[in-house]
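Everything on this sheet refers to the single structure shown next.
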Amino acid sequence: MKEESRIPKTTLVSAWTRRGLFKKAGLMGLAVMGLGSGVAGMIGRANADGPQRFSHPNKRAGSQVPMRTPPPKRKTITELLTILQSHTDGPQAIEAARNGGARLTPPASNHPSLPLANAGPSFSVVLVPGHLQVGQSWVRLREVDVLQDSTFQLQNDSQAKSRAILKIAFPKKGWYLLNIEGALPPNSDVSAKIRQLGPTIPGLPFQAWSYPKNVSNQPAGRSFPAVFEYKGSKYPLEFYIENGSLLFEEVRVEAL
């Protein structure tokens, strides 16, 4: 989906204050993250360091945003591990976590492919739009579209590759389950990866996901789980879109 027109932020109504704009758009909780200042009634391309450019909400074919259904009940760790197994290198990642000391029981004899997580995670944090910071853990979204309903759309187009920077205050070294929850827009597929950033160059991706086109006329929920061994690094993680688009819903991290 291509941009047809762009309206510089200087054309926004000057009488609206920055606080008023965030309030009107339902994004007061995001102000501290530096996400653009003119999103009310607009679709904006926003960066974590501030607003970049804005365009009219009718810029996209079929500009009416489909009605969102309420998000389903949050998936259990076992359900997310089962999803992870279906993606490239997922089974190997789960086995590495088990061998590395993660609290994963061996697969049950009657379900040989199902990895089970011991109950009661010792650490858990959930970050969602409006609450993208909890304590010292936060998510920063970069190069995303802000839709009419204030949903953040991550995508990889000719202009920019959307990213979610995850800075998690891991309490100690060990294995953690990460999950990015989102929804595929109608007629969209998605491929994404996650990696750890470094002082000069990012590291290699440690998990990749790919989902086929959503052929329904409503957004379809998708999960992007990964296991990660925290070794004490101070550098954040980066979730990025390689192809297609995704409506961002939450980041969840739990100890294994």
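Scheme for the structure tokens: letters A, B, ... for chains in order shown; per-chain residue numbers from 1; ligand numbers from 1 in order shown.
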Would you list the contacts of A:Phe224 as a PyMOL selection string, taking every protein, DNA or RNA residue within 7 Å and counting only C-alpha atoms, but skipping same-chain residues closer than 5 positions in sequence? chain A and resi 179-181+209
Contacts of stretch 192-203 of chain A at 8 Å or less, counting only C-alpha atoms, minus same-chain residues fewer than 4 places along, as a ChimeraX atom specification? /A:207-210,235-243
Looking at A:Gly244, A:Trp175, A:Ser223, A:Lys161, which one is nearest to A:Ser188, with distances taken over only C-alpha atoms?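 Distance minimum relative to A:Ser188 lands on A:Gly244.
Interatomic distance, atom CA of A:Val139 against atom CA of A:Ser233: 16.9 Å.
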